[in-house]
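Enquirer: The file below is run-v9.pdb, PDB, C-alpha atoms:
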MODEL        1
ATOM      1  CA  MET A   1      -4.669 -21.748  35.453
ATOM      2  CA  ALA A   2      -7.294 -19.928  33.440
ATOM      3  CA  ASP A   3      -8.434 -16.531  34.658
ATOM      4  CA  ALA A   4     -11.674 -16.486  36.632
ATOM      5  CA  THR A   5     -13.276 -14.251  34.013
ATOM      6  CA  CYS A   6     -12.627 -16.758  31.237
ATOM      7  CA  SER A   7     -15.737 -18.430  29.854
ATOM      8  CA  SER A   8     -14.107 -21.876  30.026
ATOM      9  CA  ALA A   9     -12.262 -21.454  33.322
ATOM     10  CA  ALA A  10     -14.004 -24.346  35.046
ATOM     11  CA  SER A  11     -12.825 -26.933  32.535
ATOM     12  CA  CYS A  12      -9.506 -25.406  31.520
ATOM     13  CA  ASP A  13      -6.160 -26.956  32.467
ATOM     14  CA  ARG A  14      -3.963 -24.343  30.752
ATOM     15  CA  GLU A  15      -1.260 -22.670  32.807
ATOM     16  CA  SER A  16      -1.744 -19.457  30.845
ATOM     17  CA  CYS A  17      -4.639 -17.802  28.977
ATOM     18  CA  GLU A  18      -2.273 -16.616  26.248
ATOM     19  CA  GLY A  19      -3.526 -17.710  22.856
ATOM     20  CA  CYS A  20      -6.759 -19.186  24.184
ATOM     21  CA  PRO A  21      -9.751 -18.311  21.982
ATOM     22  CA  SER A  22     -12.004 -18.218  25.071
ATOM     23  CA  ALA A  23      -9.953 -15.482  26.756
ATOM     24  CA  ASN A  24     -11.392 -11.952  26.922
ATOM     25  CA  GLY A  25     -14.933 -13.293  27.115
ATOM     26  CA  GLY A  26     -14.490 -15.269  23.930
ATOM     27  CA  GLN A  27     -13.531 -12.201  21.866
ATOM     28  CA  PRO A  28     -10.510 -12.631  19.531
ATOM     29  CA  GLN A  29      -7.414 -10.741  20.558
ATOM     30  CA  SER A  30      -6.197  -7.994  18.257
ATOM     31  CA  MET A  31      -3.122  -8.841  16.215
ATOM     32  CA  GLN A  32      -2.323  -5.201  15.447
ATOM     33  CA  GLU A  33       1.201  -3.996  16.144
ATOM     34  CA  GLU A  34       1.866  -0.971  18.328
ATOM     35  CA  MET A  35       2.620   2.178  16.365
ATOM     36  CA  ASN A  36       5.991   3.790  16.978
ATOM     37  CA  PRO A  37       5.541   6.175  19.939
ATOM     38  CA  TYR A  38       6.962   9.035  17.863
ATOM     39  CA  SER A  39       4.447   8.477  15.053
ATOM     40  CA  ASP A  40       0.952   9.861  14.613
ATOM     41  CA  ILE A  41      -0.721   8.474  11.498
ATOM     42  CA  LYS A  42      -4.348   9.294  10.731
ATOM     43  CA  HIS A  43      -5.015   6.904   7.861
ATOM     44  CA  VAL A  44      -3.306   3.783   6.497
ATOM     45  CA  ILE A  45      -4.179   2.971   2.883
ATOM     46  CA  GLY A  46      -3.075  -0.194   1.104
ATOM     47  CA  VAL A  47      -2.352  -0.357  -2.630
ATOM     48  CA  VAL A  48      -2.668  -3.963  -3.790
ATOM     49  CA  SER A  49      -2.877  -6.059  -6.936
ATOM     50  CA  GLY A  50      -3.827  -9.618  -7.699
ATOM     51  CA  LYS A  51      -0.793 -10.076  -9.972
ATOM     52  CA  GLY A  52       2.515  -8.442 -10.779
ATOM     53  CA  GLY A  53       3.346  -6.126 -13.639
ATOM     54  CA  VAL A  54       0.353  -3.794 -13.302
ATOM     55  CA  GLY A  55       2.303  -0.686 -12.273
ATOM     56  CA  LYS A  56       1.182  -0.751  -8.648
ATOM     57  CA  SER A  57       4.173   1.234  -7.404
ATOM     58  CA  MET A  58       3.565   3.921 -10.034
ATOM     59  CA  VAL A  59      -0.038   4.193  -8.856
ATOM     60  CA  THR A  60       1.121   4.408  -5.226
ATOM     61  CA  ALA A  61       3.658   7.126  -5.974
ATOM     62  CA  SER A  62       1.201   9.014  -8.204
ATOM     63  CA  LEU A  63      -1.412   9.025  -5.453
ATOM     64  CA  ALA A  64       1.209  10.118  -2.914
ATOM     65  CA  ASN A  65       2.260  12.994  -5.188
ATOM     66  CA  LEU A  66      -1.358  14.060  -5.612
ATOM     67  CA  LEU A  67      -1.966  14.102  -1.863
ATOM     68  CA  ALA A  68       1.284  15.949  -1.181
ATOM     69  CA  ALA A  69       0.453  18.553  -3.837
ATOM     70  CA  LYS A  70      -2.869  19.185  -2.082
ATOM     71  CA  GLY A  71      -1.085  19.905   1.181
ATOM     72  CA  TYR A  72      -1.378  16.587   3.007
ATOM     73  CA  ARG A  73       1.432  14.988   5.010
ATOM     74  CA  VAL A  74       2.150  11.723   3.232
ATOM     75  CA  GLY A  75       4.336   8.665   3.713
ATOM     76  CA  ILE A  76       4.991   5.563   1.616
ATOM     77  CA  MET A  77       5.806   2.206   3.186
ATOM     78  CA  ASP A  78       7.405   0.103   0.457
ATOM     79  CA  ALA A  79       6.189  -3.306   1.631
ATOM     80  CA  ASP A  80       7.216  -5.051  -1.593
ATOM     81  CA  ILE A  81      10.338  -6.343   0.131
ATOM     82  CA  THR A  82      11.641  -8.582  -2.656
ATOM     83  CA  GLY A  83      10.867  -6.112  -5.441
ATOM     84  CA  PRO A  84      11.220  -2.601  -4.006
ATOM     85  CA  SER A  85      11.036   0.256  -6.489
ATOM     86  CA  ILE A  86       9.853   3.367  -4.642
ATOM     87  CA  PRO A  87      13.334   4.710  -3.689
ATOM     88  CA  ARG A  88      14.555   4.304  -7.256
ATOM     89  CA  MET A  89      11.566   6.209  -8.600
ATOM     90  CA  TYR A  90      12.376   9.174  -6.375
ATOM     91  CA  GLY A  91      16.142   9.014  -6.937
ATOM     92  CA  MET A  92      16.917   8.043  -3.331
ATOM     93  CA  THR A  93      20.375   6.691  -2.577
ATOM     94  CA  GLY A  94      22.160   5.957   0.673
ATOM     95  CA  LEU A  95      20.855   4.534   3.916
ATOM     96  CA  ALA A  96      18.097   5.666   6.233
ATOM     97  CA  GLU A  97      19.355   7.044   9.544
ATOM     98  CA  ALA A  98      18.533   5.454  12.895
ATOM     99  CA  ASP A  99      19.119   6.037  16.600
ATOM    100  CA  ASP A 100      17.860   4.625  19.898
ATOM    101  CA  GLN A 101      14.364   5.958  19.192
ATOM    102  CA  GLY A 102      13.968   4.225  15.846
ATOM    103  CA  ILE A 103      14.516   4.495  12.104
ATOM    104  CA  TYR A 104      13.948   7.765  10.260
ATOM    105  CA  PRO A 105      12.295   7.594   6.823
ATOM    106  CA  ARG A 106      13.930   9.402   3.923
ATOM    107  CA  LEU A 107      12.276  12.454   2.413
ATOM    108  CA  THR A 108      11.546  12.894  -1.313
ATOM    109  CA  ASP A 109      11.977  16.200  -3.108
ATOM    110  CA  ASN A 110       8.240  16.824  -2.673
ATOM    111  CA  ASP A 111       8.325  16.032   1.076
ATOM    112  CA  ILE A 112       6.953  12.484   1.041
ATOM    113  CA  LYS A 113       8.417  10.235   3.740
ATOM    114  CA  VAL A 114       9.607   6.841   2.450
ATOM    115  CA  ILE A 115      10.881   3.648   4.030
ATOM    116  CA  SER A 116      11.997   0.640   1.999
ATOM    117  CA  ILE A 117      14.346  -2.317   2.303
ATOM    118  CA  ASN A 118      16.526  -0.578  -0.295
ATOM    119  CA  LEU A 119      17.123   2.218   2.232
ATOM    120  CA  LEU A 120      18.432  -0.313   4.744
ATOM    121  CA  LEU A 121      20.764  -2.375   2.534
ATOM    122  CA  PRO A 122      24.357  -1.234   1.873
ATOM    123  CA  ASN A 123      23.933  -2.403  -1.728
ATOM    124  CA  PRO A 124      20.378  -1.913  -3.048
ATOM    125  CA  GLU A 125      21.086  -4.399  -5.854
ATOM    126  CA  ASP A 126      21.589  -7.273  -3.393
ATOM    127  CA  PRO A 127      18.713  -9.778  -3.674
ATOM    128  CA  VAL A 128      16.448 -10.301  -0.678
ATOM    129  CA  ILE A 129      16.242 -14.087  -0.401
ATOM    130  CA  TRP A 130      14.052 -14.447   2.673
ATOM    131  CA  ARG A 131      11.158 -16.696   3.582
ATOM    132  CA  GLY A 132       7.681 -15.356   4.193
ATOM    133  CA  PRO A 133       7.794 -14.985   7.996
ATOM    134  CA  ILE A 134      10.970 -12.864   7.816
ATOM    135  CA  LEU A 135       9.448 -10.645   5.134
ATOM    136  CA  ALA A 136       6.341 -10.237   7.270
ATOM    137  CA  GLY A 137       8.478  -9.409  10.312
ATOM    138  CA  LEU A 138      10.204  -6.591   8.436
ATOM    139  CA  VAL A 139       6.862  -5.057   7.499
ATOM    140  CA  LYS A 140       5.954  -5.004  11.192
ATOM    141  CA  GLN A 141       9.253  -3.268  11.895
ATOM    142  CA  PHE A 142       8.391  -0.648   9.275
ATOM    143  CA  TRP A 143       5.361   0.111  11.443
ATOM    144  CA  HIS A 144       6.680   0.033  14.998
ATOM    145  CA  ASP A 145      10.375   0.890  14.505
ATOM    146  CA  VAL A 146      10.063   3.726  11.960
ATOM    147  CA  ILE A 147       9.542   7.259  13.261
ATOM    148  CA  TRP A 148       6.917   8.514  10.836
ATOM    149  CA  GLY A 149       6.026  11.644  12.776
ATOM    150  CA  GLU A 150       2.672  13.216  11.904
ATOM    151  CA  LEU A 151       1.077  11.875   8.713
ATOM    152  CA  ASP A 152      -2.357  12.354   7.229
ATOM    153  CA  TYR A 153      -1.909   9.314   4.970
ATOM    154  CA  LEU A 154       0.511   6.382   4.967
ATOM    155  CA  LEU A 155       0.306   4.520   1.648
ATOM    156  CA  VAL A 156       1.448   0.903   1.798
ATOM    157  CA  ASP A 157       2.786  -0.373  -1.525
ATOM    158  CA  MET A 158       2.218  -4.112  -1.177
ATOM    159  CA  PRO A 159       3.651  -7.003  -3.176
ATOM    160  CA  PRO A 160       1.304  -8.635  -5.686
ATOM    161  CA  GLY A 161      -0.895 -11.538  -4.732
ATOM    162  CA  THR A 162      -2.430 -12.689  -1.473
ATOM    163  CA  GLY A 163       0.589 -14.067   0.387
ATOM    164  CA  ASP A 164       2.312 -13.484   3.716
ATOM    165  CA  VAL A 165       3.025  -9.774   3.400
ATOM    166  CA  PRO A 166      -0.497  -8.607   2.440
ATOM    167  CA  LEU A 167      -1.887 -10.843   5.176
ATOM    168  CA  THR A 168       0.529  -9.307   7.695
ATOM    169  CA  VAL A 169      -0.374  -5.768   6.644
ATOM    170  CA  PHE A 170      -4.094  -6.475   6.983
ATOM    171  CA  GLN A 171      -3.682  -8.118  10.387
ATOM    172  CA  SER A 172      -0.955  -5.952  11.917
ATOM    173  CA  LEU A 173      -1.689  -2.415  10.675
ATOM    174  CA  PRO A 174      -4.889  -0.381  11.170
ATOM    175  CA  VAL A 175      -5.698  -0.324   7.453
ATOM    176  CA  ASP A 176      -8.598   2.026   6.672
ATOM    177  CA  GLY A 177      -9.056   0.742   3.140
ATOM    178  CA  ILE A 178      -7.331  -0.411  -0.032
ATOM    179  CA  PHE A 179      -7.197   0.408  -3.716
ATOM    180  CA  VAL A 180      -6.902  -2.569  -6.066
ATOM    181  CA  VAL A 181      -4.747  -1.902  -9.147
ATOM    182  CA  THR A 182      -5.359  -3.810 -12.357
ATOM    183  CA  THR A 183      -4.983  -3.572 -16.157
ATOM    184  CA  PRO A 184      -7.377  -4.152 -19.085
ATOM    185  CA  GLN A 185      -5.801  -7.513 -19.920
ATOM    186  CA  ASP A 186      -7.643 -10.851 -19.905
ATOM    187  CA  LEU A 187      -8.536 -12.567 -16.624
ATOM    188  CA  VAL A 188      -8.849  -9.165 -14.937
ATOM    189  CA  LYS A 189     -12.128 -10.143 -13.283
ATOM    190  CA  MET A 190     -10.705 -13.282 -11.665
ATOM    191  CA  ILE A 191      -7.507 -11.525 -10.558
ATOM    192  CA  VAL A 192      -9.331  -8.534  -9.086
ATOM    193  CA  LYS A 193     -11.744 -10.806  -7.253
ATOM    194  CA  LYS A 194      -8.869 -12.623  -5.532
ATOM    195  CA  ALA A 195      -7.616  -9.369  -4.009
ATOM    196  CA  TYR A 196     -11.157  -8.182  -3.326
ATOM    197  CA  ASN A 197     -12.166 -11.413  -1.589
ATOM    198  CA  MET A 198      -9.051 -11.373   0.578
ATOM    199  CA  ALA A 199      -9.860  -7.842   1.732
ATOM    200  CA  GLU A 200     -13.463  -8.830   2.407
ATOM    201  CA  THR A 201     -12.313 -11.825   4.443
ATOM    202  CA  MET A 202     -10.071  -9.564   6.524
ATOM    203  CA  HIS A 203     -12.859  -6.942   6.878
ATOM    204  CA  ILE A 204     -10.843  -4.307   5.014
ATOM    205  CA  PRO A 205     -12.895  -1.837   2.933
ATOM    206  CA  VAL A 206     -12.122  -1.710  -0.793
ATOM    207  CA  LEU A 207     -12.106   1.987  -1.655
ATOM    208  CA  GLY A 208     -12.007   1.417  -5.388
ATOM    209  CA  LEU A 209     -10.381  -0.106  -8.464
ATOM    210  CA  ILE A 210      -7.650   1.701 -10.379
ATOM    211  CA  GLU A 211      -6.928   0.605 -13.932
ATOM    212  CA  ASN A 212      -3.389   1.258 -15.119
ATOM    213  CA  TYR A 213      -2.238   1.121 -18.766
ATOM    214  CA  SER A 214      -5.874   1.785 -19.602
ATOM    215  CA  TYR A 215      -5.154   3.295 -23.024
ATOM    216  CA  LEU A 216      -2.563   5.184 -25.063
ATOM    217  CA  VAL A 217      -3.217   8.669 -26.413
ATOM    218  CA  CYS A 218      -1.962   9.003 -29.993
ATOM    219  CA  PRO A 219       0.543  11.879 -30.055
ATOM    220  CA  ASP A 220      -0.584  12.889 -33.558
ATOM    221  CA  CYS A 221      -4.392  12.748 -33.532
ATOM    222  CA  GLY A 222      -5.199  12.466 -29.809
ATOM    223  CA  LYS A 223      -7.227   9.278 -30.290
ATOM    224  CA  GLU A 224      -7.345   6.843 -27.351
ATOM    225  CA  ILE A 225      -5.904   3.470 -28.378
ATOM    226  CA  SER A 226      -6.765   0.394 -26.270
ATOM    227  CA  VAL A 227      -3.354  -1.281 -26.411
ATOM    228  CA  PHE A 228      -4.317  -4.145 -24.063
ATOM    229  CA  GLY A 229      -7.879  -4.537 -25.260
ATOM    230  CA  LYS A 230     -11.170  -2.992 -24.273
ATOM    231  CA  SER A 231     -11.440  -1.979 -20.629
ATOM    232  CA  LYS A 232     -13.618  -4.200 -18.445
ATOM    233  CA  ILE A 233     -13.051  -2.248 -15.242
ATOM    234  CA  GLN A 234     -16.486  -0.633 -15.044
ATOM    235  CA  GLU A 235     -18.414  -3.888 -15.412
ATOM    236  CA  VAL A 236     -16.188  -5.553 -12.804
ATOM    237  CA  ALA A 237     -16.655  -2.626 -10.421
ATOM    238  CA  ASP A 238     -20.429  -2.606 -10.976
ATOM    239  CA  GLU A 239     -20.661  -6.319 -10.229
ATOM    240  CA  MET A 240     -18.750  -5.861  -6.964
ATOM    241  CA  GLY A 241     -20.517  -2.644  -6.080
ATOM    242  CA  ILE A 242     -17.338  -0.591  -5.766
ATOM    243  CA  LEU A 243     -15.905   2.583  -7.269
ATOM    244  CA  VAL A 244     -13.735   2.968 -10.352
ATOM    245  CA  ALA A 245     -11.182   5.234  -8.669
ATOM    246  CA  GLY A 246      -9.082   5.969 -11.744
ATOM    247  CA  LYS A 247      -8.110   4.963 -15.271
ATOM    248  CA  MET A 248      -4.464   5.791 -15.954
ATOM    249  CA  PRO A 249      -3.226   5.788 -19.551
ATOM    250  CA  ILE A 250       0.180   4.711 -20.732
ATOM    251  CA  ASP A 251       2.135   7.935 -20.258
ATOM    252  CA  PRO A 252       5.735   8.001 -21.551
ATOM    253  CA  LYS A 253       6.434  11.076 -19.398
ATOM    254  CA  LEU A 254       5.798   9.094 -16.216
ATOM    255  CA  ASN A 255       8.178   6.382 -17.401
ATOM    256  CA  GLU A 256      10.846   8.983 -18.210
ATOM    257  CA  LEU A 257      10.562  10.512 -14.736
ATOM    258  CA  THR A 258      10.738   7.053 -13.179
ATOM    259  CA  GLU A 259      13.910   6.156 -15.060
ATOM    260  CA  ALA A 260      15.448   9.523 -14.154
ATOM    261  CA  GLY A 261      14.633   9.074 -10.463
ATOM    262  CA  ALA A 262      12.618  12.274 -10.641
ATOM    263  CA  PHE A 263       9.120  11.013  -9.917
ATOM    264  CA  ALA A 264       8.614  13.825  -7.395
ATOM    265  CA  GLN A 265       7.951  15.984 -10.468
ATOM    266  CA  ALA A 266       5.218  13.677 -11.798
ATOM    267  CA  GLU A 267       1.693  15.024 -12.048
ATOM    268  CA  ASN A 268      -1.141  12.603 -12.578
ATOM    269  CA  PRO A 269      -4.629  14.022 -13.207
ATOM    270  CA  TYR A 270      -6.271  10.608 -13.484
ATOM    271  CA  LEU A 271      -6.697   9.793  -9.778
ATOM    272  CA  GLU A 272      -9.134  12.483  -8.687
ATOM    273  CA  ALA A 273     -11.797   9.858  -7.965
ATOM    274  CA  ALA A 274      -9.333   8.045  -5.671
ATOM    275  CA  TYR A 275      -8.585  11.358  -3.973
ATOM    276  CA  ALA A 276     -12.323  11.939  -3.472
ATOM    277  CA  ALA A 277     -12.654   8.498  -1.865
ATOM    278  CA  LEU A 278      -9.897   9.407   0.587
ATOM    279  CA  GLN A 279     -11.672  12.675   1.402
ATOM    280  CA  ILE A 280     -14.590  10.665   2.697
ATOM    281  CA  LEU A 281     -12.241   9.133   5.273
ATOM    282  CA  SER A 282     -11.057  12.591   6.300
ATOM    283  CA  VAL A 283     -14.645  13.775   6.792
ATOM    284  CA  LYS A 284     -15.126  10.965   9.312
ATOM    285  CA  ASP A 285     -12.188  12.157  11.450
TER     286      ASP A 285
ENDMDL
END
Could the structure of this file be written out as structure tokens, please?

Expert:
Amino acid sequence: MADATCSSAASCDRESCEGCPSANGGQPQSMQEEMNPYSDIKHVIGVVSGKGGVGKSMVTASLANLLAAKGYRVGIMDADITGPSIPRMYGMTGLAEADDQGIYPRLTDNDIKVISINLLLPNPEDPVIWRGPILAGLVKQFWHDVIWGELDYLLVDMPPGTGDVPLTVFQSLPVDGIFVVTTPQDLVKMIVKKAYNMAETMHIPVLGLIENYSYLVCPDCGKEISVFGKSKIQEVADEMGILVAGKMPIDPKLNELTEAGAFAQAENPYLEAAYAALQILSVKD
């Protein structure tokens, strides 16, 4: 039977109020997962993209490095389950440890905590051939089974698009805001708007747009070369009323550090605006 406090109790023939939209005075029930009891995370920040191939993981790791260098306690949740790259970037091998309390994230050389499917598989080259609900379930486990400890920022590196995993992150984690990563290529406006509109629908603040592969600096003359065409990021941001949080050039040094598994050494001076946007969150604490 419906609870006496339910707005539709008189006409309800349910045996349980579970799942009823009229329960709790008609207010929707929260779908957020419980944080691991041994974790204390101040801010959860998503890094998303409307399509693949935009260097989203490099942006995530670069932002994590910047925060760590400024003294913040940082973690990265590699939620791109079928295409994980964060452990490889930081040269991580072997499995994450676990006990009865939960799973312990691995630590990079610059003290960033990382969890990824590649830290749970005996062979990181094995393909993950799972359907959406299983992928989404693993992301939830990364939240409630991983012992993150005390973090100022947990960056969630999400798979491209607007599928099951981004939806799960938005619904199940207390996301404070997202950065949308894009490139100067054609259709950028439409692709960015897909990610932006999804966040708006889920009531997740968009902290800013970050353009990767924005230009190439000529090693001889220092001229900026627009390899993928003229940037449209500012006009897109102006139309949406959001911040341009960074314009990252094509930097061979970053690629070299990625291939060497030494991304902990990477310095990226192009994300100061993104850092400033995160400081606004800290001021509200």

Enquirer: Using the chain letters and numbering of this document, enumerate as a PyMOL selection string the residues selected by the PyMOL selection byres ((chain A and resi 136-153) around 9).

Expert: chain A and resi 33-45+64+67+72-79+81+98+101-105+113-117+131-135+154-155+164-169+172-173+282

Enquirer: Would you mind exporting the chosen residues as a PDB file, in the coordinates of the input, restricted to C-alpha atoms?

Expert:
ATOM      1  CA  GLU A  33       1.201  -3.996  16.144  1.00  0.00           C
ATOM      2  CA  GLU A  34       1.866  -0.971  18.328  1.00  0.00           C
ATOM      3  CA  MET A  35       2.620   2.178  16.365  1.00  0.00           C
ATOM      4  CA  ASN A  36       5.991   3.790  16.978  1.00  0.00           C
ATOM      5  CA  PRO A  37       5.541   6.175  19.939  1.00  0.00           C
ATOM      6  CA  TYR A  38       6.962   9.035  17.863  1.00  0.00           C
ATOM      7  CA  SER A  39       4.447   8.477  15.053  1.00  0.00           C
ATOM      8  CA  ASP A  40       0.952   9.861  14.613  1.00  0.00           C
ATOM      9  CA  ILE A  41      -0.721   8.474  11.498  1.00  0.00           C
ATOM     10  CA  LYS A  42      -4.348   9.294  10.731  1.00  0.00           C
ATOM     11  CA  HIS A  43      -5.015   6.904   7.861  1.00  0.00           C
ATOM     12  CA  VAL A  44      -3.306   3.783   6.497  1.00  0.00           C
ATOM     13  CA  ILE A  45      -4.179   2.971   2.883  1.00  0.00           C
ATOM     14  CA  ALA A  64       1.209  10.118  -2.914  1.00  0.00           C
ATOM     15  CA  LEU A  67      -1.966  14.102  -1.863  1.00  0.00           C
ATOM     16  CA  TYR A  72      -1.378  16.587   3.007  1.00  0.00           C
ATOM     17  CA  ARG A  73       1.432  14.988   5.010  1.00  0.00           C
ATOM     18  CA  VAL A  74       2.150  11.723   3.232  1.00  0.00           C
ATOM     19  CA  GLY A  75       4.336   8.665   3.713  1.00  0.00           C
ATOM     20  CA  ILE A  76       4.991   5.563   1.616  1.00  0.00           C
ATOM     21  CA  MET A  77       5.806   2.206   3.186  1.00  0.00           C
ATOM     22  CA  ASP A  78       7.405   0.103   0.457  1.00  0.00           C
ATOM     23  CA  ALA A  79       6.189  -3.306   1.631  1.00  0.00           C
ATOM     24  CA  ILE A  81      10.338  -6.343   0.131  1.00  0.00           C
ATOM     25  CA  ALA A  98      18.533   5.454  12.895  1.00  0.00           C
ATOM     26  CA  GLN A 101      14.364   5.958  19.192  1.00  0.00           C
ATOM     27  CA  GLY A 102      13.968   4.225  15.846  1.00  0.00           C
ATOM     28  CA  ILE A 103      14.516   4.495  12.104  1.00  0.00           C
ATOM     29  CA  TYR A 104      13.948   7.765  10.260  1.00  0.00           C
ATOM     30  CA  PRO A 105      12.295   7.594   6.823  1.00  0.00           C
ATOM     31  CA  LYS A 113       8.417  10.235   3.740  1.00  0.00           C
ATOM     32  CA  VAL A 114       9.607   6.841   2.450  1.00  0.00           C
ATOM     33  CA  ILE A 115      10.881   3.648   4.030  1.00  0.00           C
ATOM     34  CA  SER A 116      11.997   0.640   1.999  1.00  0.00           C
ATOM     35  CA  ILE A 117      14.346  -2.317   2.303  1.00  0.00           C
ATOM     36  CA  ARG A 131      11.158 -16.696   3.582  1.00  0.00           C
ATOM     37  CA  GLY A 132       7.681 -15.356   4.193  1.00  0.00           C
ATOM     38  CA  PRO A 133       7.794 -14.985   7.996  1.00  0.00           C
ATOM     39  CA  ILE A 134      10.970 -12.864   7.816  1.00  0.00           C
ATOM     40  CA  LEU A 135       9.448 -10.645   5.134  1.00  0.00           C
ATOM     41  CA  LEU A 154       0.511   6.382   4.967  1.00  0.00           C
ATOM     42  CA  LEU A 155       0.306   4.520   1.648  1.00  0.00           C
ATOM     43  CA  ASP A 164       2.312 -13.484   3.716  1.00  0.00           C
ATOM     44  CA  VAL A 165       3.025  -9.774   3.400  1.00  0.00           C
ATOM     45  CA  PRO A 166      -0.497  -8.607   2.440  1.00  0.00           C
ATOM     46  CA  LEU A 167      -1.887 -10.843   5.176  1.00  0.00           C
ATOM     47  CA  THR A 168       0.529  -9.307   7.695  1.00  0.00           C
ATOM     48  CA  VAL A 169      -0.374  -5.768   6.644  1.00  0.00           C
ATOM     49  CA  SER A 172      -0.955  -5.952  11.917  1.00  0.00           C
ATOM     50  CA  LEU A 173      -1.689  -2.415  10.675  1.00  0.00           C
ATOM     51  CA  SER A 282     -11.057  12.591   6.300  1.00  0.00           C
TER      52      SER A 282
END

Enquirer: I'd like the interatomic distance between CA of Asp157 in chain A and CA of Ser231 in chain A, to a tenth of an Å.

Expert: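 According to the coordinates, CA of Asp157 in chain A and CA of Ser231 in chain A are separated by 23.9 Å.
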
Enquirer: Rounded to one decimal in Å, what is the spacing between CA of Ala61 in chain A and CA of Arg106 in chain A?

Expert: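 Answer for the CA of Ala61 in chain A to CA of Arg106 in chain A separation: 14.4 Å.
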
Enquirer: Calculate how many Å separate CA of Leu216 in chain A from CA of Pro249 in chain A, rounding to one decimal.

Expert: 5.6 Å

Enquirer: Do you know which residues the PyMOL selection byres ((chain A and resi 260) around 9) returns on this file, as an NGL selection string?

Expert: :A and (88-91 or 255-259 or 261-263)

Enquirer: Please expand the PyMOL selection byres ((chain A and resi 60) around 9) into the concrete residues it hits in this file, giving the result as a VMD selection string.

Expert: chain A and resid 46 to 47 55 to 59 61 to 65 76 86 155 to 157

Enquirer: Would you please work out which residue, of A:Leu107, A:Leu207, A:Val54, A:Glu125, is nearest to Pro84 in chain A when using all atoms listed in the file?

Expert: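 Closest to Pro84 in chain A, using all atoms listed in the file: A:Glu125.
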
Enquirer: For Ser226 in chain A, which residue among A:Pro184, A:Pro160, A:Gly94, A:Gly177 is the nearest when counting only C-alpha atoms?

Expert: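 Under the stated criterion, the closest residue is A:Pro184.
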
Enquirer: A:Met202, A:Leu254, A:Met190, A:Leu119: which is nearest Ala266 in chain A, counting all atoms listed in the file?

Expert: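 Of A:Met202, A:Leu254, A:Met190, A:Leu119, the one nearest Ala266 in chain A, counting all atoms listed in the file, is A:Leu254.
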
Enquirer: Around the point (-8.0, 2.0, -14.7) (coordinates from the file), which residues reach within 9 Å if we count all atoms listed in the file? Answer as a ChimeraX atom specification.

Expert: /A:181-184,209-215,231,233-234,244-249,270

Enquirer: Which residue is closest to Met31 in chain A? Choose from A:Gln265, A:Lys232, A:Ile250, A:Pro174 and count all atoms listed in the file.

Expert: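 So, comparing all the options, the nearest one is A:Pro174.
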
Enquirer: Mind giving me the axis-aligned box for range 230-233 of chain A with 4 Å on every side, centre plus edges in Å to one decimal, as AutoDock Vina command-line options?

Expert:
--center_x -12.4 --center_y -3.1 --center_z -19.8 --size_x 10.4 --size_y 10.2 --size_z 17.0

Enquirer: Here is a test: counting only C-alpha atoms, which residue of A:Leu278, A:Gly71, A:Val217, A:Thr201 is nearest to Ile178 in chain A?

Expert: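 Nearest to Ile178 in chain A: A:Leu278.
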
Enquirer: List as a VMD selection string the protein and nucleic acid residues near Met198 in chain A, meaning an atom at most 12 Å away when all atoms listed in the file are counted, but skip any in the same chain fewer than 5 places from it.

Expert: chain A and resid 48 to 50 161 to 164 166 to 167 169 to 171 178 180 191 to 193 203 to 206

Enquirer: Could you write those residues out with C-alpha atoms, as an mmCIF file, in the frame of the given file?

Expert:
data_model
loop_
_atom_site.group_PDB
_atom_site.id
_atom_site.type_symbol
_atom_site.label_atom_id
_atom_site.label_comp_id
_atom_site.auth_asym_id
_atom_site.auth_seq_id
_atom_site.Cartn_x
_atom_site.Cartn_y
_atom_site.Cartn_z
ATOM 1 C CA VAL A 48 -2.668 -3.963 -3.790
ATOM 2 C CA SER A 49 -2.877 -6.059 -6.936
ATOM 3 C CA GLY A 50 -3.827 -9.618 -7.699
ATOM 4 C CA GLY A 161 -0.895 -11.538 -4.732
ATOM 5 C CA THR A 162 -2.430 -12.689 -1.473
ATOM 6 C CA GLY A 163 0.589 -14.067 0.387
ATOM 7 C CA ASP A 164 2.312 -13.484 3.716
ATOM 8 C CA PRO A 166 -0.497 -8.607 2.440
ATOM 9 C CA LEU A 167 -1.887 -10.843 5.176
ATOM 10 C CA VAL A 169 -0.374 -5.768 6.644
ATOM 11 C CA PHE A 170 -4.094 -6.475 6.983
ATOM 12 C CA GLN A 171 -3.682 -8.118 10.387
ATOM 13 C CA ILE A 178 -7.331 -0.411 -0.032
ATOM 14 C CA VAL A 180 -6.902 -2.569 -6.066
ATOM 15 C CA ILE A 191 -7.507 -11.525 -10.558
ATOM 16 C CA VAL A 192 -9.331 -8.534 -9.086
ATOM 17 C CA LYS A 193 -11.744 -10.806 -7.253
ATOM 18 C CA HIS A 203 -12.859 -6.942 6.878
ATOM 19 C CA ILE A 204 -10.843 -4.307 5.014
ATOM 20 C CA PRO A 205 -12.895 -1.837 2.933
ATOM 21 C CA VAL A 206 -12.122 -1.710 -0.793
#
